[in-house]
Amino acid sequence: MLLTASLPAHAATAPAQPAAAAQSTAARDPECIQPGNARLDPRFYWRNVFGARLGEGVIHESSSPNPFGGRIAPGSTFTFRWRPDTTRNPVGAQYHVHRVNLASVMAVAHVESVTGPGTLSGTTLSAQETPPGKLGDTVVRFRIRPGTEGRTATLSSADHSLTTRWLFANINNIWENTGSISFTVASRAALGCESSSGIG
């Protein structure tokens, strides 16, 4: 430790330079994506025992650029925007905890950043909505992992969950639309992107 501290700054960091240079080169790779136009936007509602609706809402989700329904190469990035929105709150409901499990996406992509009201714990993104307050966008930036060519990432309505606190108990919601969207990781060559090997 004393030896490292006594060396000039450039000498002390010299061993780390090759790895840093490799990361810098990888970071300069141009984005390589064949975008899709698939969206999920799960809708939910609550109803009473007579079938009458008590409230409803939607989970707004979008990606930019959007890999869902398309293909994306390792090293490329995209942002995922997530905003739960209860458009009509059940009378007496105190708050809602929204969750989405991003395990399938995180199996092929690193999370580079998370901003906004949501928090990421493990593979689950969650946020508490307290009406009449509204949530802003939670933005997750992903970078596709190397060596994941041929793998598929899926996001489905089953990956979403919601807990609503009503008076002294929880009430269950019903998901109005079900389905899934996905994207495939493909090589840069398969997507027709030029290699960055010549970039210096």
# chains A, B, ... in the order shown; residues from 1 in each chain; ligands from 1
call {"tool": "closest_atom_pairs", "arguments": {"of": "stretch 23-74 of chain A", "to": "stretch 136-144 of chain A", "cutoff": "9 Å", "atoms": "only C-alpha atoms", "output": "CSV"}}
result
residue,atom,partner,partner_atom,distance
A:His60,CA,A:Asp137,CA,8.8
A:Ile72,CA,A:Ile144,CA,7.9
A:Ala73,CA,A:Ile144,CA,6.9
A:Pro74,CA,A:Ile144,CA,4.7
call {"tool": "select_by_dssp", "arguments": {"residues": "chain A", "states": "strand (DSSP E or B)", "output": "PyMOL selection string"}}
result
chain A and resi 33-34+43-47+53-64+71-72+77-88+93-101+109-115+119-121+124-129+138-144+152-156+160-166+169-171+174-175+180-185
call {"tool": "select_by_dssp", "arguments": {"residues": "chain A", "states": "alpha helix (DSSP H)", "output": "ChimeraX atom specification"}}
result
/A:2-6,9-12,17-27,103-106
call {"tool": "residues_around", "arguments": {"residues": "stretch 161-168 of chain A", "least_positions_apart": "2", "cutoff": "8 Å", "atoms": "only C-alpha atoms", "output": "list of chain:residue names"}}
result
A:Gly92, A:Ala93, A:Gln94, A:Tyr95, A:His96, A:Val97, A:His98, A:Arg99, A:Val100, A:Ala158, A:Asp159, A:Asn170, A:Ile171, A:Asn172, A:Asn173
call {"tool": "write_last_selection", "arguments": {"atoms": "all heavy atoms", "output": "short mmCIF file (atom, residue, chain, number, x, y, z; two decimals), in the first residue's frame"}}
result
data_model
loop_
_atom_site.label_atom_id
_atom_site.label_comp_id
_atom_site.auth_asym_id
_atom_site.auth_seq_id
_atom_site.Cartn_x
_atom_site.Cartn_y
_atom_site.Cartn_z
N GLY A 92 -61.37 4.55 -0.28
CA GLY A 92 -60.81 3.94 0.91
C GLY A 92 -59.43 3.35 0.71
O GLY A 92 -58.78 2.99 1.69
N ALA A 93 -58.95 3.26 -0.54
CA ALA A 93 -57.61 2.73 -0.79
C ALA A 93 -56.56 3.76 -0.36
O ALA A 93 -56.64 4.93 -0.74
CB ALA A 93 -57.43 2.37 -2.26
N GLN A 94 -55.60 3.33 0.43
CA GLN A 94 -54.60 4.25 0.98
C GLN A 94 -53.38 4.39 0.10
O GLN A 94 -52.86 5.48 -0.09
CB GLN A 94 -54.20 3.76 2.37
CG GLN A 94 -55.38 3.72 3.35
CD GLN A 94 -55.00 3.07 4.67
OE1 GLN A 94 -53.85 2.66 4.88
NE2 GLN A 94 -55.95 2.96 5.58
N TYR A 95 -52.88 3.27 -0.42
CA TYR A 95 -51.71 3.32 -1.30
C TYR A 95 -51.62 2.03 -2.10
O TYR A 95 -52.28 1.03 -1.78
CB TYR A 95 -50.42 3.57 -0.52
CG TYR A 95 -50.06 2.49 0.48
CD1 TYR A 95 -49.39 1.33 0.09
CD2 TYR A 95 -50.39 2.63 1.83
CE1 TYR A 95 -49.06 0.34 1.01
CE2 TYR A 95 -50.07 1.65 2.76
CZ TYR A 95 -49.40 0.51 2.34
OH TYR A 95 -49.09 -0.47 3.25
N HIS A 96 -50.80 2.08 -3.14
CA HIS A 96 -50.58 0.91 -4.00
C HIS A 96 -49.07 0.70 -4.14
O HIS A 96 -48.32 1.66 -4.36
CB HIS A 96 -51.19 1.11 -5.39
CG HIS A 96 -52.57 1.71 -5.37
ND1 HIS A 96 -53.67 0.97 -5.02
CD2 HIS A 96 -53.00 2.96 -5.63
CE1 HIS A 96 -54.75 1.74 -5.09
NE2 HIS A 96 -54.37 2.96 -5.45
N VAL A 97 -48.62 -0.54 -4.05
CA VAL A 97 -47.22 -0.88 -4.30
C VAL A 97 -47.17 -1.67 -5.60
O VAL A 97 -47.71 -2.77 -5.70
CB VAL A 97 -46.61 -1.70 -3.15
CG1 VAL A 97 -45.16 -2.05 -3.47
CG2 VAL A 97 -46.68 -0.92 -1.84
N HIS A 98 -46.55 -1.08 -6.59
CA HIS A 98 -46.44 -1.69 -7.92
C HIS A 98 -45.08 -2.36 -8.06
O HIS A 98 -44.06 -1.83 -7.58
CB HIS A 98 -46.59 -0.63 -9.01
CG HIS A 98 -47.88 0.12 -8.97
ND1 HIS A 98 -48.99 -0.28 -9.66
CD2 HIS A 98 -48.23 1.26 -8.31
CE1 HIS A 98 -49.98 0.57 -9.45
NE2 HIS A 98 -49.54 1.53 -8.63
N ARG A 99 -45.05 -3.50 -8.73
CA ARG A 99 -43.80 -4.23 -8.94
C ARG A 99 -43.76 -4.81 -10.34
O ARG A 99 -44.79 -5.21 -10.89
CB ARG A 99 -43.64 -5.37 -7.94
CG ARG A 99 -43.76 -4.97 -6.47
CD ARG A 99 -43.68 -6.20 -5.57
NE ARG A 99 -44.03 -5.89 -4.19
CZ ARG A 99 -45.28 -5.86 -3.73
NH1 ARG A 99 -46.29 -6.15 -4.55
NH2 ARG A 99 -45.52 -5.56 -2.47
N VAL A 100 -42.55 -4.89 -10.89
CA VAL A 100 -42.33 -5.62 -12.14
C VAL A 100 -41.01 -6.38 -12.01
O VAL A 100 -40.00 -5.83 -11.57
CB VAL A 100 -42.32 -4.68 -13.36
CG1 VAL A 100 -41.26 -3.59 -13.25
CG2 VAL A 100 -42.11 -5.49 -14.65
N ALA A 158 -47.57 -11.36 -16.49
CA ALA A 158 -47.36 -12.17 -15.29
C ALA A 158 -46.17 -11.69 -14.47
O ALA A 158 -46.04 -12.05 -13.29
CB ALA A 158 -47.17 -13.63 -15.68
N ASP A 159 -45.30 -10.87 -15.07
CA ASP A 159 -44.16 -10.33 -14.33
C ASP A 159 -44.55 -9.14 -13.45
O ASP A 159 -43.73 -8.63 -12.69
CB ASP A 159 -43.06 -9.88 -15.31
CG ASP A 159 -42.44 -11.06 -16.06
OD1 ASP A 159 -42.26 -12.11 -15.43
OD2 ASP A 159 -42.15 -10.90 -17.26
N ASN A 170 -55.53 -5.77 2.65
CA ASN A 170 -55.14 -5.62 1.25
C ASN A 170 -56.25 -6.11 0.36
O ASN A 170 -56.94 -7.09 0.69
CB ASN A 170 -53.86 -6.40 0.95
CG ASN A 170 -52.65 -5.86 1.70
OD1 ASN A 170 -52.60 -4.68 2.05
ND2 ASN A 170 -51.68 -6.72 1.96
N ILE A 171 -56.46 -5.44 -0.76
CA ILE A 171 -57.44 -5.93 -1.73
C ILE A 171 -56.71 -6.28 -3.02
O ILE A 171 -55.71 -5.65 -3.38
CB ILE A 171 -58.55 -4.90 -2.01
CG1 ILE A 171 -57.97 -3.57 -2.52
CG2 ILE A 171 -59.40 -4.68 -0.76
CD1 ILE A 171 -59.05 -2.58 -2.93
N ASN A 172 -57.21 -7.29 -3.69
CA ASN A 172 -56.56 -7.78 -4.91
C ASN A 172 -57.13 -7.10 -6.15
O ASN A 172 -58.33 -6.81 -6.23
CB ASN A 172 -56.75 -9.30 -5.04
CG ASN A 172 -56.06 -10.06 -3.93
OD1 ASN A 172 -54.99 -9.67 -3.47
ND2 ASN A 172 -56.68 -11.14 -3.47
N ASN A 173 -56.24 -6.88 -7.09
CA ASN A 173 -56.66 -6.31 -8.38
C ASN A 173 -56.82 -7.43 -9.40
O ASN A 173 -56.45 -8.58 -9.16
CB ASN A 173 -55.62 -5.31 -8.88
CG ASN A 173 -54.31 -6.00 -9.25
OD1 ASN A 173 -53.57 -6.41 -8.36
ND2 ASN A 173 -54.03 -6.13 -10.53
#
call {"tool": "atom_distance", "arguments": {"atom1": "atom CA of A:Val111", "atom2": "atom CA of A:Thr87"}}
result
29.7 Å
call {"tool": "atom_distance", "arguments": {"atom1": "atom CA of A:Ser76", "atom2": "atom CA of A:Pro30"}}
result
7.5 Å
call {"tool": "atom_distance", "arguments": {"atom1": "atom CA of A:Gly55", "atom2": "atom CA of A:Ala127"}}
result
18.8 Å
call {"tool": "residues_around", "arguments": {"residues": "A:Val105", "least_positions_apart": "4", "cutoff": "8 Å", "atoms": "only C-alpha atoms", "output": "compact mmCIF listing (two decimals) with all heavy atoms, in the first residue's frame"}}
result
# COMPACT_ATOMS: atom_id res chain seq x y z
N ALA A 109 -28.80 -8.48 -19.87
CA ALA A 109 -28.37 -7.08 -19.86
C ALA A 109 -27.96 -6.63 -18.46
O ALA A 109 -28.58 -7.02 -17.46
CB ALA A 109 -29.49 -6.18 -20.38
N ALA A 153 -35.12 -12.30 -24.30
CA ALA A 153 -35.62 -11.71 -23.07
C ALA A 153 -37.10 -11.40 -23.23
O ALA A 153 -37.53 -10.91 -24.27
CB ALA A 153 -34.86 -10.42 -22.74
N THR A 154 -37.86 -11.70 -22.20
CA THR A 154 -39.31 -11.57 -22.26
C THR A 154 -39.82 -10.72 -21.10
O THR A 154 -39.32 -10.79 -19.98
CB THR A 154 -39.99 -12.95 -22.21
OG1 THR A 154 -39.50 -13.74 -23.30
CG2 THR A 154 -41.50 -12.83 -22.31
N LEU A 155 -40.84 -9.92 -21.37
CA LEU A 155 -41.56 -9.17 -20.35
C LEU A 155 -43.04 -9.47 -20.53
O LEU A 155 -43.58 -9.28 -21.62
CB LEU A 155 -41.30 -7.67 -20.49
CG LEU A 155 -41.93 -6.76 -19.43
CD1 LEU A 155 -41.34 -7.05 -18.06
CD2 LEU A 155 -41.74 -5.29 -19.81
call {"tool": "closest_residue", "arguments": {"among": "A:Asp41, A:Ser64, A:Arg151, A:Gly192", "to": "A:Gly179", "atoms": "only C-alpha atoms"}}
result
A:Asp41
call {"tool": "decode", "arguments": {"residues": "stretch 100-134 of chain A", "atoms": "N, CA, C and O atoms", "output": "PDB file, in the first residue's frame"}}
result
ATOM      1  N   VAL A 100     -42.546  -4.887 -10.889  1.00  0.00           N
ATOM      2  CA  VAL A 100     -42.331  -5.621 -12.139  1.00  0.00           C
ATOM      3  C   VAL A 100     -41.011  -6.380 -12.007  1.00  0.00           C
ATOM      4  O   VAL A 100     -40.003  -5.828 -11.566  1.00  0.00           O
ATOM      5  N   ASN A 101     -41.048  -7.649 -12.364  1.00  0.00           N
ATOM      6  CA  ASN A 101     -39.866  -8.508 -12.285  1.00  0.00           C
ATOM      7  C   ASN A 101     -39.138  -8.458 -13.628  1.00  0.00           C
ATOM      8  O   ASN A 101     -39.666  -8.905 -14.651  1.00  0.00           O
ATOM      9  N   LEU A 102     -37.921  -7.945 -13.595  1.00  0.00           N
ATOM     10  CA  LEU A 102     -37.119  -7.776 -14.817  1.00  0.00           C
ATOM     11  C   LEU A 102     -36.065  -8.863 -14.974  1.00  0.00           C
ATOM     12  O   LEU A 102     -35.070  -8.670 -15.666  1.00  0.00           O
ATOM     13  N   ALA A 103     -36.289 -10.017 -14.353  1.00  0.00           N
ATOM     14  CA  ALA A 103     -35.280 -11.079 -14.343  1.00  0.00           C
ATOM     15  C   ALA A 103     -34.880 -11.512 -15.744  1.00  0.00           C
ATOM     16  O   ALA A 103     -33.696 -11.727 -16.027  1.00  0.00           O
ATOM     17  N   SER A 104     -35.848 -11.649 -16.641  1.00  0.00           N
ATOM     18  CA  SER A 104     -35.530 -12.133 -17.989  1.00  0.00           C
ATOM     19  C   SER A 104     -34.656 -11.130 -18.739  1.00  0.00           C
ATOM     20  O   SER A 104     -33.706 -11.517 -19.422  1.00  0.00           O
ATOM     21  N   VAL A 105     -34.967  -9.855 -18.600  1.00  0.00           N
ATOM     22  CA  VAL A 105     -34.154  -8.829 -19.261  1.00  0.00           C
ATOM     23  C   VAL A 105     -32.766  -8.758 -18.631  1.00  0.00           C
ATOM     24  O   VAL A 105     -31.744  -8.670 -19.325  1.00  0.00           O
ATOM     25  N   MET A 106     -32.716  -8.837 -17.296  1.00  0.00           N
ATOM     26  CA  MET A 106     -31.424  -8.733 -16.610  1.00  0.00           C
ATOM     27  C   MET A 106     -30.549  -9.960 -16.824  1.00  0.00           C
ATOM     28  O   MET A 106     -29.347  -9.917 -16.559  1.00  0.00           O
ATOM     29  N   ALA A 107     -31.117 -11.046 -17.327  1.00  0.00           N
ATOM     30  CA  ALA A 107     -30.309 -12.220 -17.654  1.00  0.00           C
ATOM     31  C   ALA A 107     -29.436 -11.964 -18.881  1.00  0.00           C
ATOM     32  O   ALA A 107     -28.421 -12.635 -19.072  1.00  0.00           O
ATOM     33  N   VAL A 108     -29.824 -10.984 -19.710  1.00  0.00           N
ATOM     34  CA  VAL A 108     -29.042 -10.684 -20.910  1.00  0.00           C
ATOM     35  C   VAL A 108     -28.480  -9.265 -20.897  1.00  0.00           C
ATOM     36  O   VAL A 108     -27.766  -8.877 -21.826  1.00  0.00           O
ATOM     37  N   ALA A 109     -28.795  -8.481 -19.869  1.00  0.00           N
ATOM     38  CA  ALA A 109     -28.369  -7.082 -19.856  1.00  0.00           C
ATOM     39  C   ALA A 109     -27.964  -6.634 -18.457  1.00  0.00           C
ATOM     40  O   ALA A 109     -28.579  -7.024 -17.462  1.00  0.00           O
ATOM     41  N   HIS A 110     -26.913  -5.801 -18.402  1.00  0.00           N
ATOM     42  CA  HIS A 110     -26.514  -5.156 -17.157  1.00  0.00           C
ATOM     43  C   HIS A 110     -27.398  -3.935 -16.926  1.00  0.00           C
ATOM     44  O   HIS A 110     -27.801  -3.260 -17.879  1.00  0.00           O
ATOM     45  N   VAL A 111     -27.670  -3.625 -15.673  1.00  0.00           N
ATOM     46  CA  VAL A 111     -28.331  -2.372 -15.330  1.00  0.00           C
ATOM     47  C   VAL A 111     -27.252  -1.325 -15.104  1.00  0.00           C
ATOM     48  O   VAL A 111     -26.404  -1.473 -14.212  1.00  0.00           O
ATOM     49  N   GLU A 112     -27.258  -0.262 -15.894  1.00  0.00           N
ATOM     50  CA  GLU A 112     -26.258   0.790 -15.755  1.00  0.00           C
ATOM     51  C   GLU A 112     -26.724   1.896 -14.815  1.00  0.00           C
ATOM     52  O   GLU A 112     -25.905   2.511 -14.130  1.00  0.00           O
ATOM     53  N   SER A 113     -28.024   2.152 -14.782  1.00  0.00           N
ATOM     54  CA  SER A 113     -28.523   3.205 -13.894  1.00  0.00           C
ATOM     55  C   SER A 113     -30.024   3.054 -13.706  1.00  0.00           C
ATOM     56  O   SER A 113     -30.715   2.469 -14.543  1.00  0.00           O
ATOM     57  N   VAL A 114     -30.502   3.566 -12.577  1.00  0.00           N
ATOM     58  CA  VAL A 114     -31.931   3.635 -12.286  1.00  0.00           C
ATOM     59  C   VAL A 114     -32.209   5.018 -11.736  1.00  0.00           C
ATOM     60  O   VAL A 114     -31.592   5.443 -10.754  1.00  0.00           O
ATOM     61  N   THR A 115     -33.116   5.753 -12.359  1.00  0.00           N
ATOM     62  CA  THR A 115     -33.489   7.077 -11.892  1.00  0.00           C
ATOM     63  C   THR A 115     -34.997   7.176 -11.787  1.00  0.00           C
ATOM     64  O   THR A 115     -35.723   6.497 -12.507  1.00  0.00           O
ATOM     65  N   GLY A 116     -35.464   8.016 -10.881  1.00  0.00           N
ATOM     66  CA  GLY A 116     -36.901   8.192 -10.711  1.00  0.00           C
ATOM     67  C   GLY A 116     -37.376   7.651  -9.382  1.00  0.00           C
ATOM     68  O   GLY A 116     -36.572   7.277  -8.513  1.00  0.00           O
ATOM     69  N   PRO A 117     -38.687   7.561  -9.179  1.00  0.00           N
ATOM     70  CA  PRO A 117     -39.237   7.165  -7.883  1.00  0.00           C
ATOM     71  C   PRO A 117     -39.121   5.676  -7.567  1.00  0.00           C
ATOM     72  O   PRO A 117     -39.218   5.276  -6.409  1.00  0.00           O
ATOM     73  N   GLY A 118     -38.909   4.847  -8.569  1.00  0.00           N
ATOM     74  CA  GLY A 118     -38.829   3.410  -8.347  1.00  0.00           C
ATOM     75  C   GLY A 118     -37.478   2.985  -7.795  1.00  0.00           C
ATOM     76  O   GLY A 118     -36.471   3.677  -7.948  1.00  0.00           O
ATOM     77  N   THR A 119     -37.455   1.833  -7.142  1.00  0.00           N
ATOM     78  CA  THR A 119     -36.215   1.257  -6.635  1.00  0.00           C
ATOM     79  C   THR A 119     -36.074  -0.163  -7.169  1.00  0.00           C
ATOM     80  O   THR A 119     -37.068  -0.875  -7.332  1.00  0.00           O
ATOM     81  N   LEU A 120     -34.831  -0.562  -7.426  1.00  0.00           N
ATOM     82  CA  LEU A 120     -34.546  -1.896  -7.929  1.00  0.00           C
ATOM     83  C   LEU A 120     -33.904  -2.708  -6.821  1.00  0.00           C
ATOM     84  O   LEU A 120     -32.848  -2.351  -6.308  1.00  0.00           O
ATOM     85  N   SER A 121     -34.556  -3.810  -6.457  1.00  0.00           N
ATOM     86  CA  SER A 121     -34.024  -4.728  -5.451  1.00  0.00           C
ATOM     87  C   SER A 121     -33.945  -6.109  -6.076  1.00  0.00           C
ATOM     88  O   SER A 121     -34.984  -6.712  -6.399  1.00  0.00           O
ATOM     89  N   GLY A 122     -32.717  -6.603  -6.272  1.00  0.00           N
ATOM     90  CA  GLY A 122     -32.563  -7.854  -7.008  1.00  0.00           C
ATOM     91  C   GLY A 122     -32.999  -7.635  -8.447  1.00  0.00           C
ATOM     92  O   GLY A 122     -32.449  -6.794  -9.149  1.00  0.00           O
ATOM     93  N   THR A 123     -34.010  -8.366  -8.868  1.00  0.00           N
ATOM     94  CA  THR A 123     -34.529  -8.193 -10.233  1.00  0.00           C
ATOM     95  C   THR A 123     -35.888  -7.505 -10.247  1.00  0.00           C
ATOM     96  O   THR A 123     -36.512  -7.402 -11.300  1.00  0.00           O
ATOM     97  N   THR A 124     -36.341  -7.031  -9.082  1.00  0.00           N
ATOM     98  CA  THR A 124     -37.681  -6.449  -8.984  1.00  0.00           C
ATOM     99  C   THR A 124     -37.630  -4.937  -8.858  1.00  0.00           C
ATOM    100  O   THR A 124     -37.000  -4.391  -7.953  1.00  0.00           O
ATOM    101  N   LEU A 125     -38.309  -4.272  -9.790  1.00  0.00           N
ATOM    102  CA  LEU A 125     -38.466  -2.816  -9.755  1.00  0.00           C
ATOM    103  C   LEU A 125     -39.800  -2.518  -9.082  1.00  0.00           C
ATOM    104  O   LEU A 125     -40.828  -3.100  -9.438  1.00  0.00           O
ATOM    105  N   SER A 126     -39.799  -1.629  -8.090  1.00  0.00           N
ATOM    106  CA  SER A 126     -41.031  -1.350  -7.358  1.00  0.00           C
ATOM    107  C   SER A 126     -41.155   0.134  -7.050  1.00  0.00           C
ATOM    108  O   SER A 126     -40.164   0.873  -7.014  1.00  0.00           O
ATOM    109  N   ALA A 127     -42.396   0.564  -6.817  1.00  0.00           N
ATOM    110  CA  ALA A 127     -42.667   1.947  -6.449  1.00  0.00           C
ATOM    111  C   ALA A 127     -43.998   1.999  -5.719  1.00  0.00           C
ATOM    112  O   ALA A 127     -44.914   1.234  -6.031  1.00  0.00           O
ATOM    113  N   GLN A 128     -44.077   2.895  -4.755  1.00  0.00           N
ATOM    114  CA  GLN A 128     -45.334   3.086  -4.018  1.00  0.00           C
ATOM    115  C   GLN A 128     -46.057   4.318  -4.542  1.00  0.00           C
ATOM    116  O   GLN A 128     -45.472   5.398  -4.641  1.00  0.00           O
ATOM    117  N   GLU A 129     -47.315   4.131  -4.868  1.00  0.00           N
ATOM    118  CA  GLU A 129     -48.167   5.220  -5.355  1.00  0.00           C
ATOM    119  C   GLU A 129     -49.201   5.527  -4.268  1.00  0.00           C
ATOM    120  O   GLU A 129     -49.924   4.633  -3.830  1.00  0.00           O
ATOM    121  N   THR A 130     -49.259   6.786  -3.851  1.00  0.00           N
ATOM    122  CA  THR A 130     -50.197   7.200  -2.812  1.00  0.00           C
ATOM    123  C   THR A 130     -51.132   8.252  -3.387  1.00  0.00           C
ATOM    124  O   THR A 130     -50.782   9.435  -3.448  1.00  0.00           O
ATOM    125  N   PRO A 131     -52.312   7.846  -3.852  1.00  0.00           N
ATOM    126  CA  PRO A 131     -53.258   8.811  -4.420  1.00  0.00           C
ATOM    127  C   PRO A 131     -53.625   9.870  -3.377  1.00  0.00           C
ATOM    128  O   PRO A 131     -53.647   9.576  -2.171  1.00  0.00           O
ATOM    129  N   PRO A 132     -53.911  11.103  -3.826  1.00  0.00           N
ATOM    130  CA  PRO A 132     -54.037  11.500  -5.233  1.00  0.00           C
ATOM    131  C   PRO A 132     -52.703  11.824  -5.906  1.00  0.00           C
ATOM    132  O   PRO A 132     -52.694  12.294  -7.039  1.00  0.00           O
ATOM    133  N   GLY A 133     -51.591  11.589  -5.235  1.00  0.00           N
ATOM    134  CA  GLY A 133     -50.297  11.843  -5.842  1.00  0.00           C
ATOM    135  C   GLY A 133     -50.040  10.922  -7.028  1.00  0.00           C
ATOM    136  O   GLY A 133     -50.554   9.805  -7.092  1.00  0.00           O
ATOM    137  N   LYS A 134     -49.256  11.413  -7.989  1.00  0.00           N
ATOM    138  CA  LYS A 134     -48.931  10.651  -9.187  1.00  0.00           C
ATOM    139  C   LYS A 134     -47.437  10.359  -9.240  1.00  0.00           C
ATOM    140  O   LYS A 134     -46.616  11.179  -8.806  1.00  0.00           O
TER     141      LYS A 134
END
